[in-house]
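Asker: target-v9.csv is reproduced below (CSV, C-alpha atoms and all ligand atoms).
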```
chain,number,residue,atom,x,y,z
A,1,MET,CA,-1.4,12.9,19.9
A,2,THR,CA,1.1,10.3,21.1
A,3,SER,CA,4.3,10.0,19.2
A,4,VAL,CA,4.9,6.7,17.4
A,5,LYS,CA,8.5,6.9,18.8
A,6,GLN,CA,7.1,5.8,22.2
A,7,LEU,CA,5.3,2.9,20.6
A,8,TYR,CA,8.0,1.0,18.8
A,9,ALA,CA,8.4,-2.5,20.0
A,10,LEU,CA,11.8,-2.7,18.3
A,11,GLY,CA,14.6,-0.2,17.6
A,12,THR,CA,14.5,1.8,14.4
A,13,GLU,CA,18.3,2.3,14.0
A,14,GLY,CA,18.2,6.0,14.6
A,15,SER,CA,15.3,8.4,14.3
A,16,THR,CA,15.9,9.2,10.5
A,17,TRP,CA,16.9,7.2,7.5
A,18,SER,CA,18.8,8.8,4.6
A,19,VAL,CA,18.9,7.5,1.0
A,20,LYS,CA,21.6,9.1,-1.2
A,21,GLN,CA,20.1,10.9,-4.3
A,22,ASP,CA,21.8,11.7,-7.5
A,23,PHE,CA,19.4,13.4,-10.0
A,24,ASP,CA,18.6,16.8,-11.5
A,25,ALA,CA,15.7,19.0,-10.4
A,26,VAL,CA,14.1,19.8,-13.7
A,27,PHE,CA,12.1,23.0,-14.6
A,28,ASN,CA,9.8,23.2,-17.5
A,29,TRP,CA,9.1,26.6,-19.1
A,30,ASP,CA,6.4,25.6,-21.5
A,31,TYR,CA,3.4,25.8,-19.1
A,32,ASP,CA,1.4,24.1,-21.8
A,33,ASP,CA,-2.0,22.6,-21.3
A,34,GLY,CA,-0.7,19.1,-20.7
A,35,ARG,CA,-2.2,15.7,-21.8
A,36,VAL,CA,-5.9,15.5,-21.5
A,37,GLY,CA,-5.8,12.3,-19.4
A,38,MET,CA,-3.1,13.6,-17.1
A,39,MET,CA,-4.9,16.9,-16.5
A,40,GLY,CA,-8.2,15.0,-15.9
A,41,LEU,CA,-6.4,13.1,-13.2
A,42,TYR,CA,-5.0,16.3,-11.7
A,43,ALA,CA,-8.5,17.8,-11.6
A,44,LYS,CA,-9.8,14.7,-9.8
A,45,GLY,CA,-6.8,14.7,-7.5
A,46,LYS,CA,-7.6,18.3,-6.4
A,47,GLU,CA,-11.3,17.7,-6.1
A,48,MET,CA,-11.2,14.4,-4.1
A,49,GLN,CA,-9.1,15.6,-1.2
A,50,TRP,CA,-10.4,14.5,2.2
A,51,ASP,CA,-9.5,15.2,5.7
A,52,ALA,CA,-8.9,12.2,8.0
A,53,ALA,CA,-9.8,14.4,11.0
A,54,THR,CA,-13.4,15.0,9.8
A,55,ARG,CA,-14.2,12.1,7.5
A,56,ILE,CA,-13.5,9.5,10.1
A,57,ASP,CA,-14.9,9.2,13.6
A,58,TRP,CA,-11.8,8.4,15.6
A,59,ASP,CA,-13.8,7.7,18.8
A,60,GLN,CA,-14.8,4.3,17.4
A,61,GLU,CA,-13.2,1.6,19.5
A,62,LEU,CA,-10.9,-1.3,18.5
A,63,GLY,CA,-11.8,-4.9,19.5
A,64,GLU,CA,-10.0,-6.2,22.5
A,65,ASN,CA,-8.3,-9.4,21.5
A,66,ASN,CA,-8.7,-8.8,17.8
A,67,PRO,CA,-8.5,-5.1,17.2
A,68,GLU,CA,-9.4,-5.2,13.5
A,69,GLY,CA,-12.0,-7.9,13.9
A,70,MET,CA,-10.3,-10.0,11.3
A,71,PRO,CA,-11.2,-13.7,10.7
A,72,GLU,CA,-8.9,-16.1,12.6
A,73,GLU,CA,-7.5,-17.5,9.3
A,74,SER,CA,-6.1,-14.1,8.4
A,75,LEU,CA,-3.5,-14.6,11.1
A,76,PRO,CA,-0.8,-16.5,9.1
A,77,ILE,CA,0.3,-18.6,12.0
A,78,HIS,CA,-3.3,-19.6,13.2
A,79,MET,CA,-2.5,-23.3,12.5
A,80,ALA,CA,1.0,-23.3,13.8
A,81,PRO,CA,1.5,-25.7,16.8
A,82,CYS,CA,3.1,-22.9,18.9
A,83,TYR,CA,0.0,-20.7,18.4
A,84,LEU,CA,-2.6,-23.5,18.9
A,85,LYS,CA,-1.4,-24.3,22.4
A,86,MET,CA,-1.6,-20.7,23.6
A,87,SER,CA,-4.2,-19.3,26.1
A,88,GLU,CA,-6.9,-17.0,24.7
A,89,LYS,CA,-5.1,-14.1,26.2
A,90,GLU,CA,-1.8,-14.9,24.6
A,91,LYS,CA,-3.5,-15.4,21.3
A,92,GLY,CA,-5.0,-12.0,21.6
A,93,ARG,CA,-1.6,-10.5,22.1
A,94,VAL,CA,-0.3,-12.2,19.0
A,95,ARG,CA,-3.2,-11.0,16.9
A,96,SER,CA,-2.9,-7.4,18.1
A,97,HIS,CA,0.9,-7.4,17.4
A,98,PHE,CA,0.5,-9.0,14.0
A,99,GLN,CA,-2.1,-6.4,13.0
A,100,ALA,CA,0.0,-3.6,14.4
A,101,TRP,CA,3.0,-4.9,12.6
A,102,GLN,CA,1.1,-4.9,9.3
A,103,LEU,CA,-0.4,-1.5,9.9
A,104,SER,CA,3.1,-0.2,10.7
A,105,GLN,CA,4.2,-1.4,7.3
A,106,PHE,CA,1.3,0.5,5.8
A,107,MET,CA,2.3,3.7,7.6
A,108,GLN,CA,6.0,3.3,6.8
A,109,GLY,CA,5.2,2.5,3.2
A,110,GLU,CA,3.1,5.6,2.9
A,111,GLN,CA,6.0,7.7,4.0
A,112,GLY,CA,8.0,6.0,1.2
A,113,ALA,CA,5.2,7.0,-1.2
A,114,LEU,CA,5.2,10.6,0.1
A,115,ILE,CA,8.9,10.9,-0.6
A,116,CYS,CA,8.7,9.2,-4.0
A,117,ALA,CA,5.8,11.5,-5.1
A,118,ALA,CA,7.8,14.5,-4.1
A,119,LYS,CA,10.8,13.2,-6.0
A,120,ILE,CA,8.6,12.8,-9.1
A,121,VAL,CA,7.5,16.5,-8.8
A,122,THR,CA,11.1,17.5,-8.7
A,123,GLN,CA,12.6,15.2,-11.3
A,124,VAL,CA,10.0,14.5,-14.0
A,125,PRO,CA,10.3,16.7,-17.1
A,126,ASP,CA,6.6,17.1,-18.0
A,127,ALA,CA,4.7,19.9,-16.3
A,128,ASP,CA,1.4,18.0,-16.2
A,129,SER,CA,3.1,15.1,-14.4
A,130,LYS,CA,4.5,17.6,-11.9
A,131,PHE,CA,1.0,19.0,-11.3
A,132,TYR,CA,-0.5,15.6,-10.7
A,133,ALA,CA,2.3,14.3,-8.6
A,134,ALA,CA,1.8,17.4,-6.3
A,135,THR,CA,-1.7,16.2,-5.5
A,136,GLN,CA,-0.4,12.7,-4.9
A,137,THR,CA,2.2,14.2,-2.5
A,138,ILE,CA,-0.6,15.6,-0.2
A,139,ASP,CA,-2.6,12.4,-0.6
A,140,GLU,CA,0.4,10.4,0.7
A,141,ALA,CA,0.9,12.8,3.6
A,142,ARG,CA,-2.8,12.3,4.6
A,143,HIS,CA,-2.3,8.6,4.4
A,144,VAL,CA,0.6,8.6,6.7
A,145,GLU,CA,-1.6,10.7,9.1
A,146,ALA,CA,-4.5,8.3,8.9
A,147,TYR,CA,-2.4,5.2,9.6
A,148,LYS,CA,-0.6,7.0,12.3
A,149,ARG,CA,-3.9,7.8,14.0
A,150,LEU,CA,-5.0,4.2,13.7
A,151,LEU,CA,-1.7,2.8,14.9
A,152,THR,CA,-1.7,5.0,17.9
A,153,LYS,CA,-4.9,3.4,19.0
A,154,PHE,CA,-3.2,0.0,18.9
A,155,GLY,CA,-0.5,1.3,21.3
A,156,VAL,CA,2.3,-0.6,19.6
A,157,ALA,CA,4.3,0.0,16.4
A,158,TYR,CA,7.0,-1.7,14.4
A,159,PRO,CA,9.9,-0.3,12.2
A,160,MET,CA,9.9,-0.7,8.5
A,161,THR,CA,10.5,-4.4,7.6
A,162,LYS,CA,13.8,-5.1,5.7
A,163,PRO,CA,12.3,-6.3,2.4
A,164,LEU,CA,10.1,-3.1,2.2
A,165,LYS,CA,13.1,-1.0,3.0
A,166,GLU,CA,15.2,-2.8,0.3
A,167,LEU,CA,12.4,-2.2,-2.2
A,168,ILE,CA,12.1,1.5,-1.4
A,169,ASP,CA,15.9,2.0,-1.2
A,170,GLN,CA,16.3,0.5,-4.7
A,171,THR,CA,13.5,2.6,-6.1
A,172,LEU,CA,14.8,5.9,-4.6
A,173,ARG,CA,18.5,5.3,-5.3
A,174,ASP,CA,17.9,4.8,-9.0
A,175,SER,CA,18.6,8.1,-10.9
A,176,ARG,CA,16.3,7.4,-13.8
A,177,TRP,CA,12.9,9.2,-13.3
A,178,ASP,CA,10.8,6.4,-14.6
A,179,MET,CA,12.2,4.0,-12.0
A,180,THR,CA,10.5,5.9,-9.3
A,181,TYR,CA,7.2,5.3,-11.0
A,182,LEU,CA,7.9,1.7,-11.7
A,183,GLY,CA,9.0,1.0,-8.1
A,184,MET,CA,6.4,3.0,-6.4
A,185,GLN,CA,3.4,3.5,-8.6
A,186,VAL,CA,3.4,0.0,-10.0
A,187,VAL,CA,5.1,-2.3,-7.5
A,188,ILE,CA,4.7,-0.8,-4.1
A,189,GLU,CA,1.2,0.6,-4.7
A,190,GLY,CA,0.2,-2.8,-6.1
A,191,LEU,CA,1.5,-4.4,-2.9
A,192,ALA,CA,-0.3,-1.8,-0.9
A,193,LEU,CA,-3.6,-2.2,-2.7
A,194,ALA,CA,-3.5,-6.0,-2.1
A,195,ALA,CA,-2.8,-5.6,1.6
A,196,PHE,CA,-5.2,-2.7,2.3
A,197,GLY,CA,-7.9,-4.6,0.4
A,198,GLN,CA,-7.8,-7.5,2.8
A,199,ILE,CA,-8.5,-5.3,5.8
A,200,ARG,CA,-11.1,-3.3,3.9
A,201,ASP,CA,-13.0,-6.4,2.8
A,202,TYR,CA,-12.6,-8.7,5.9
A,203,ALA,CA,-12.3,-6.5,9.0
A,204,GLN,CA,-15.4,-6.5,11.2
A,205,ASN,CA,-14.1,-3.4,12.9
A,206,GLN,CA,-15.6,-0.4,11.0
A,207,LEU,CA,-12.9,2.0,11.9
A,208,CYS,CA,-10.2,-0.2,10.4
A,209,ALA,CA,-12.2,-1.1,7.3
A,210,GLN,CA,-13.1,2.5,6.7
A,211,VAL,CA,-9.5,3.9,6.9
A,212,ASN,CA,-8.4,1.3,4.3
A,213,ALA,CA,-11.3,2.0,2.1
A,214,TYR,CA,-10.7,5.7,2.0
A,215,VAL,CA,-6.9,5.3,1.4
A,216,MET,CA,-7.7,2.9,-1.4
A,217,GLN,CA,-9.9,5.4,-3.1
A,218,ASP,CA,-6.9,7.6,-3.6
A,219,GLU,CA,-4.5,4.8,-4.4
A,220,SER,CA,-6.4,3.9,-7.5
A,221,ARG,CA,-5.7,7.3,-8.9
A,222,HIS,CA,-2.0,6.8,-8.1
A,223,VAL,CA,-1.8,3.6,-10.1
A,224,ALA,CA,-3.7,5.3,-13.0
A,225,PHE,CA,-1.0,8.0,-12.9
A,226,GLY,CA,1.8,5.5,-13.2
A,227,ARG,CA,0.0,3.8,-16.1
A,228,LEU,CA,-0.5,7.1,-18.0
A,229,ALA,CA,3.1,8.3,-17.6
A,230,LEU,CA,4.8,5.0,-18.4
A,231,ARG,CA,2.6,4.0,-21.3
A,232,ASP,CA,3.7,7.2,-23.1
A,233,TYR,CA,7.4,6.6,-22.2
A,234,TYR,CA,8.3,3.0,-22.6
A,235,PRO,CA,7.6,2.6,-26.3
A,236,HIS,CA,10.5,5.2,-26.9
A,237,LEU,CA,13.1,3.1,-25.1
A,238,THR,CA,15.3,0.5,-26.7
A,239,GLN,CA,14.6,-3.2,-26.1
A,240,LYS,CA,17.7,-3.4,-23.9
A,241,GLU,CA,16.4,-0.6,-21.7
A,242,ARG,CA,13.1,-2.2,-21.4
A,243,ASP,CA,14.7,-5.5,-20.6
A,244,GLU,CA,16.5,-3.9,-17.6
A,245,ARG,CA,13.1,-2.7,-16.3
A,246,GLU,CA,11.6,-6.1,-16.8
A,247,GLU,CA,14.4,-7.7,-14.8
A,248,PHE,CA,13.8,-5.2,-12.0
A,249,LEU,CA,10.1,-6.0,-12.0
A,250,LEU,CA,10.7,-9.7,-11.8
A,251,GLU,CA,13.1,-9.3,-8.9
A,252,ALA,CA,10.6,-7.1,-7.1
A,253,CYS,CA,7.8,-9.6,-7.6
A,254,TYR,CA,9.9,-12.5,-6.2
A,255,LEU,CA,10.9,-10.3,-3.2
A,256,MET,CA,7.2,-9.5,-2.5
A,257,ARG,CA,6.1,-13.0,-2.9
A,258,ASP,CA,8.7,-14.8,-0.8
A,259,ARG,CA,10.4,-12.4,1.6
A,260,PHE,CA,7.7,-10.6,3.6
A,261,ASP,CA,8.0,-13.2,6.3
A,262,ALA,CA,7.6,-10.9,9.4
A,263,VAL,CA,10.6,-12.6,11.1
A,264,GLU,CA,11.3,-9.7,13.4
A,265,LEU,CA,7.7,-9.8,14.7
A,266,TRP,CA,7.8,-13.5,15.6
A,267,GLN,CA,11.2,-12.9,17.2
A,268,ASN,CA,9.8,-10.1,19.3
A,269,LEU,CA,7.0,-12.2,20.4
A,270,GLY,CA,9.4,-15.0,21.4
A,271,LEU,CA,7.9,-17.5,18.9
A,272,PRO,CA,9.8,-20.1,17.0
A,273,ILE,CA,10.8,-18.2,13.8
A,274,GLU,CA,11.1,-21.1,11.4
A,275,GLU,CA,7.8,-22.6,12.4
A,276,CYS,CA,6.1,-19.2,12.0
A,277,ALA,CA,7.8,-18.3,8.7
A,278,GLN,CA,6.8,-21.7,7.3
A,279,ALA,CA,3.2,-21.3,8.5
A,280,MET,CA,3.1,-17.9,7.0
A,281,TYR,CA,4.3,-19.1,3.6
A,282,GLU,CA,1.7,-21.9,3.5
A,283,SER,CA,-1.2,-19.9,4.9
A,284,GLY,CA,-4.4,-19.7,2.8
A,285,PHE,CA,-4.8,-16.1,3.5
A,286,MET,CA,-1.3,-15.3,2.3
A,287,GLU,CA,-2.1,-17.3,-0.8
A,288,LYS,CA,-5.1,-15.0,-1.4
A,289,PHE,CA,-2.9,-12.1,-0.7
A,290,ARG,CA,-0.3,-13.2,-3.3
A,291,ASN,CA,-3.1,-13.7,-5.9
A,292,SER,CA,-4.5,-10.2,-5.2
A,293,LEU,CA,-1.0,-8.8,-5.4
A,294,PHE,CA,-0.5,-10.2,-8.9
A,295,THR,CA,-4.0,-9.2,-9.9
A,296,ARG,CA,-3.0,-5.6,-9.2
A,297,ILE,CA,0.5,-5.7,-10.8
A,298,VAL,CA,0.6,-8.0,-13.8
A,299,PRO,CA,-2.1,-6.3,-15.9
A,300,ILE,CA,-0.4,-2.9,-15.3
A,301,VAL,CA,2.9,-4.2,-16.4
A,302,LYS,CA,1.4,-5.5,-19.6
A,303,ASP,CA,-0.5,-2.2,-20.2
A,304,ILE,CA,2.6,0.0,-19.9
A,305,GLY,CA,4.4,-2.1,-22.5
A,306,LEU,CA,6.9,-4.0,-20.5
A,307,TRP,CA,5.8,-7.2,-22.0
A,308,GLY,CA,8.9,-8.7,-23.6
A,309,ASP,CA,10.3,-12.2,-23.4
A,310,THR,CA,12.0,-11.5,-20.0
A,311,ILE,CA,8.8,-10.7,-18.2
A,312,ARG,CA,6.5,-13.1,-19.9
A,313,ASN,CA,8.9,-16.0,-19.3
A,314,GLY,CA,9.4,-14.9,-15.7
A,315,TYR,CA,5.6,-14.6,-15.0
A,316,GLN,CA,5.0,-17.9,-16.7
A,317,GLU,CA,7.5,-19.5,-14.4
A,318,MET,CA,5.8,-17.9,-11.4
A,319,GLY,CA,2.5,-19.1,-12.6
A,320,VAL,CA,1.0,-15.6,-12.7
A,321,ILE,CA,0.8,-14.8,-16.3
A,322,ASP,CA,-2.9,-15.3,-16.5
A,323,TYR,CA,-3.5,-12.3,-14.3
A,324,ALA,CA,-2.6,-10.1,-17.3
A,325,LYS,CA,-6.2,-10.5,-18.4
A,326,THR,CA,-7.6,-8.8,-15.3
A,327,ASP,CA,-9.8,-5.8,-15.9
A,328,VAL,CA,-7.9,-3.1,-14.1
A,329,GLN,CA,-10.5,-0.4,-14.7
A,330,ALA,CA,-13.2,-2.5,-13.0
A,331,LEU,CA,-10.9,-2.9,-10.0
A,332,GLN,CA,-10.3,0.8,-9.8
A,333,ASP,CA,-14.0,1.6,-10.2
A,334,ASP,CA,-14.7,-0.8,-7.3
A,335,ASP,CA,-12.1,0.9,-5.1
A,336,GLU,CA,-13.9,4.2,-5.6
A,337,ASN,CA,-17.5,2.8,-5.1
A,338,ILE,CA,-16.6,0.9,-1.9
A,339,ALA,CA,-15.3,4.1,-0.3
A,340,LYS,CA,-18.5,5.8,-1.3
A,341,GLN,CA,-20.5,3.0,0.4
A,342,PHE,CA,-18.6,3.7,3.6
A,343,ASP,CA,-19.6,7.3,3.4
A,344,ALA,CA,-23.2,6.4,2.8
A,345,ARG,CA,-23.2,4.0,5.7
A,346,ARG,CA,-21.8,6.7,8.0
A,347,ARG,CA,-24.6,9.1,6.9
A,348,ASP,CA,-27.2,6.4,7.6
A,349,ILE,CA,-25.9,5.8,11.1
A,350,GLN,CA,-25.9,9.6,11.7
A,351,ARG,CA,-29.5,9.8,10.6
A,352,VAL,CA,-30.5,7.0,13.0
A,353,ILE,CA,-28.7,8.8,15.8
A,354,ASP,CA,-30.3,12.1,14.9
A,355,ARG,CA,-33.8,10.5,14.9
A,356,ALA,CA,-33.2,8.8,18.2
A,357,GLN,CA,-32.1,12.1,19.8
A,358,ALA,CA,-35.1,14.0,18.3
A,359,ALA,CA,-37.5,11.3,19.8
A,360,GLU,CA,-35.9,11.8,23.2
A,401,FE,FE,-0.9,6.2,-0.1
A,402,FE,FE,-0.3,6.1,-3.2
```
Here is the file; what I need is its structure written in the form of structure tokens.

Answerer:
Amino acid sequence: MTSVKQLYALGTEGSTWSVKQDFDAVFNWDYDDGRVGMMGLYAKGKEMQWDAATRIDWDQELGENNPEGMPEESLPIHMAPCYLKMSEKEKGRVRSHFQAWQLSQFMQGEQGALICAAKIVTQVPDADSKFYAATQTIDEARHVEAYKRLLTKFGVAYPMTKPLKELIDQTLRDSRWDMTYLGMQVVIEGLALAAFGQIRDYAQNQLCAQVNAYVMQDESRHVAFGRLALRDYYPHLTQKERDEREEFLLEACYLMRDRFDAVELWQNLGLPIEECAQAMYESGFMEKFRNSLFTRIVPIVKDIGLWGDTIRNGYQEMGVIDYAKTDVQALQDDDENIAKQFDARRRDIQRVIDRAQAAE
């Protein structure tokens, strides 16, 4: 398979990135049975492993001027003057690069999740959490693999965007074990679910929709893991300690809402940056994305008990407090069912092919 290294449209500042760590690796001698909920999740994690190499037919082609087959309004600059005056061919190039940029963020973010899950295995004191996080670690490796395969078909890749790097850096650098959960399982997974969901639900290209549906099937377990672990932990902290976490959450929410502007992409394509950033901020699809982002995050924050004045006032100000009422379980059930529908569709198609071959 092609190396992504050859596909980068921009430099990656070296071939590795190191984040300083300062925490203890913790053993646990109890080997007790663990919490029922956590062990149930571990059992599910083991049982629901899948292999991107066999569950997905990688021979499926991408579209030519619109690889994912996304609606035109999903391109955040589709109404920007610089885009409107382009030829069809130039527009196709912008679409492909935007999609590859986004997919690159998925792949890079999945590597972040891989490292965070491994950090949880090492650092968290509870044995049942270590067990579950071990299944998540392999999940995240498979996700990196799946996105890498898909990205290779695009033939172009982008480095991790600065705001995502900042978020992951902050999450990893923190030496308190719960911050890895908060940053990764709640914030970044929430961001990921919102972004993957748009492709899963709008892409006409089956390959792209399918990859995202399958990844989301796993991600809903990961969010459930964060909820279980943190819900047990936060009530034992002091209000001051919880306030610190609430401040971190608010900052992260502002960063995700306002700073994912893809500047480096517009720059690489030689487009007017300010015009594009402005168009992106105002785009209706981005508005939908932000809504879906808060739908995924706000109810979890409430559920884990980080619901003091700091966060409530902050969310009120952002106009997102009402998302706290979202039924998270229903969303997670959906994520699982949609992935199963993709499997069923694949089986149907196979049956049609088999019948046609038999008739021949
Ligand atoms: Fe993942
Ligand atoms: Fe995940």

Asker: Of the candidates A:Gly14, A:Gly314, A:Gly190, A:Gly63, which shows the shortest atom-to-atom distance to Met256 of chain A, using only C-alpha atoms?

Answerer: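 When distances to Met256 of chain A are compared using only C-alpha atoms, the smallest one comes from A:Gly190.
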
Asker: Please list, as a PyMOL selection string, the residues that have an atom at most 9 Å away from (-3.9, 18.8, -0.2) in the coordinates of this file, counting only C-alpha atoms.

Answerer: chain A and resi 45-46+49-51+134-139+141-142

Asker: Just the selected residues (C-alpha atoms), exported as a PDB file, keeping the file's coordinate frame, please.

Answerer:
```
ATOM      1  CA  GLY A  45      -6.800  14.700  -7.500  1.00  0.00           C
ATOM      2  CA  LYS A  46      -7.600  18.300  -6.400  1.00  0.00           C
ATOM      3  CA  GLN A  49      -9.100  15.600  -1.200  1.00  0.00           C
ATOM      4  CA  TRP A  50     -10.400  14.500   2.200  1.00  0.00           C
ATOM      5  CA  ASP A  51      -9.500  15.200   5.700  1.00  0.00           C
ATOM      6  CA  ALA A 134       1.800  17.400  -6.300  1.00  0.00           C
ATOM      7  CA  THR A 135      -1.700  16.200  -5.500  1.00  0.00           C
ATOM      8  CA  GLN A 136      -0.400  12.700  -4.900  1.00  0.00           C
ATOM      9  CA  THR A 137       2.200  14.200  -2.500  1.00  0.00           C
ATOM     10  CA  ILE A 138      -0.600  15.600  -0.200  1.00  0.00           C
ATOM     11  CA  ASP A 139      -2.600  12.400  -0.600  1.00  0.00           C
ATOM     12  CA  ALA A 141       0.900  12.800   3.600  1.00  0.00           C
ATOM     13  CA  ARG A 142      -2.800  12.300   4.600  1.00  0.00           C
TER      14      ARG A 142
END
```

Asker: Could you check the closest approach to ligand FE 402 (chain A) for each of A:Tyr42, A:Arg149, A:Val186, A:Asp218 and tell me which residue wins, using only C-alpha atoms and all ligand atoms?

Answerer: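 The shortest atom-to-atom distance to ligand FE 402 (chain A) comes from A:Asp218.
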
Asker: Env of segment 70-74 of chain A: 12 Å cut, atoms = all atoms listed in the file, seq-sep filter 3 positions within chain, self excluded. Answer as an MDAnalysis selection string.

Answerer: chainID A and resid 62:67 77:80 83:84 91:92 94:96 98:99 102 195 198:206 208:209 279:280 282:289

Asker: Could you name the residues that touch Ser18 of chain A at 12 Å or less, counting only C-alpha atoms, but leaving out those on the same chain fewer than 5 positions away, as a PyMOL selection string?

Answerer: chain A and resi 13+112+115+165+168-169+172-173

Asker: What does the file look like for those residues with C-alpha atoms, as a PDB file, in the frame of the given file?

Answerer:
```
ATOM      1  CA  GLU A  13      18.300   2.300  14.000  1.00  0.00           C
ATOM      2  CA  GLY A 112       8.000   6.000   1.200  1.00  0.00           C
ATOM      3  CA  ILE A 115       8.900  10.900  -0.600  1.00  0.00           C
ATOM      4  CA  LYS A 165      13.100  -1.000   3.000  1.00  0.00           C
ATOM      5  CA  ILE A 168      12.100   1.500  -1.400  1.00  0.00           C
ATOM      6  CA  ASP A 169      15.900   2.000  -1.200  1.00  0.00           C
ATOM      7  CA  LEU A 172      14.800   5.900  -4.600  1.00  0.00           C
ATOM      8  CA  ARG A 173      18.500   5.300  -5.300  1.00  0.00           C
TER       9      ARG A 173
END
```

Asker: Quick one, how far is atom CA of Ile188 of chain A from atom CA of Arg296 of chain A?

Answerer: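 For atom CA of Ile188 of chain A relative to atom CA of Arg296 of chain A, the distance reads 10.4 Å.
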
Asker: Each residue of chain A lying at most 8 Å from ligand FE 401 (chain A) should get a row with its shortest atom-to-atom pair and the distance in Å to one decimal, counting all atoms listed in the file; could you produce that, ordered by chain and increasing number, as a Markdown table?

Answerer:
```
| residue | atom | partner | partner_atom | distance |
| --- | --- | --- | --- | --- |
| A:Gly109 | CA | A:FE401 | FE | 7.9 |
| A:Glu110 | CA | A:FE401 | FE | 5.0 |
| A:Ala113 | CA | A:FE401 | FE | 6.2 |
| A:Leu114 | CA | A:FE401 | FE | 7.5 |
| A:Asp139 | CA | A:FE401 | FE | 6.4 |
| A:Glu140 | CA | A:FE401 | FE | 4.5 |
| A:Ala141 | CA | A:FE401 | FE | 7.8 |
| A:Arg142 | CA | A:FE401 | FE | 7.9 |
| A:His143 | CA | A:FE401 | FE | 5.3 |
| A:Val144 | CA | A:FE401 | FE | 7.4 |
| A:Glu189 | CA | A:FE401 | FE | 7.5 |
| A:Val215 | CA | A:FE401 | FE | 6.2 |
| A:Met216 | CA | A:FE401 | FE | 7.7 |
| A:Asp218 | CA | A:FE401 | FE | 7.1 |
| A:Glu219 | CA | A:FE401 | FE | 5.8 |
```

Asker: Rank A:Gln185, A:Thr152, A:Ser3, A:Asn337 by their smallest atom-to-atom distance to ligand FE 402 (chain A), using only C-alpha atoms and all ligand atoms, and report the top residue only.

Answerer: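 Going through A:Gln185, A:Thr152, A:Ser3, A:Asn337 one by one, the smallest distance to ligand FE 402 (chain A) is for A:Gln185.
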
Asker: Which neighbours of Ile311 of chain A fall inside 8 Å, counting only C-alpha atoms, when residues of the same chain fewer than 2 positions from it are skipped, and could you give them as a PyMOL selection string?

Answerer: chain A and resi 246-247+249-250+306-309+313-315

Asker: Between A:Ala339, A:Val352, A:Ala359, A:Leu230, which has the minimum distance to Tyr214 of chain A (counting all atoms listed in the file)?

Answerer: A:Ala339

Asker: Rounded to one decimal in Å, what is the spacing between atom CA of Lys153 of chain A and atom CA of Trp58 of chain A?

Answerer: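 These two atoms are separated by 9.2 Å.
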
Asker: Write out as a list in words the residues lying within 10 Å of Ala262 of chain A, counting all atoms listed in the file and excluding same-chain residues fewer than 3 positions away.

Answerer: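 The residues satisfying every condition are Phe98, Trp101, Gln102, Thr161, Lys162, Pro163, Arg259, Leu265, Trp266, Gln267, Ile273, Cys276, Ala277 and Met280 of chain A.
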
Asker: Could you take the residues named above and write them with C-alpha atoms, as a tab-separated table (two decimals), in the coordinates of the input?

Answerer:
```tsv
chain	number	residue	atom	x	y	z
A	98	PHE	CA	0.50	-9.00	14.00
A	101	TRP	CA	3.00	-4.90	12.60
A	102	GLN	CA	1.10	-4.90	9.30
A	161	THR	CA	10.50	-4.40	7.60
A	162	LYS	CA	13.80	-5.10	5.70
A	163	PRO	CA	12.30	-6.30	2.40
A	259	ARG	CA	10.40	-12.40	1.60
A	265	LEU	CA	7.70	-9.80	14.70
A	266	TRP	CA	7.80	-13.50	15.60
A	267	GLN	CA	11.20	-12.90	17.20
A	273	ILE	CA	10.80	-18.20	13.80
A	276	CYS	CA	6.10	-19.20	12.00
A	277	ALA	CA	7.80	-18.30	8.70
A	280	MET	CA	3.10	-17.90	7.00
```

Asker: Tell me, as a PyMOL selection string, which residues lie within 6 Å of Leu293 of chain A, counting all atoms listed in the file; anything in the same chain fewer than 3 positions away does not count.

Answerer: chain A and resi 191+194+290+296

Asker: Enter the distance from atom CA of Val223 of chain A to atom CA of Leu255 of chain A, in Å, rounded to one decimal.

Answerer: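 Atom-to-atom, atom CA of Val223 of chain A to atom CA of Leu255 of chain A, that is 20.1 Å.
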
Asker: Identify which of the residues A:Pro125, A:Gly155, A:Gly319, A:Pro76 lies closest to Phe260 of chain A, counting only C-alpha atoms when measuring atom-to-atom distances.

Answerer: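 The answer is A:Pro76, which sits nearest to Phe260 of chain A.
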
Asker: Go through A:Tyr233, A:Phe106, A:Tyr8, A:Phe154 and flag the residue nearest Arg93 of chain A, using all atoms listed in the file for the distances.

Answerer: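 Of A:Tyr233, A:Phe106, A:Tyr8, A:Phe154, the one nearest Arg93 of chain A is A:Phe154, counting all atoms listed in the file.
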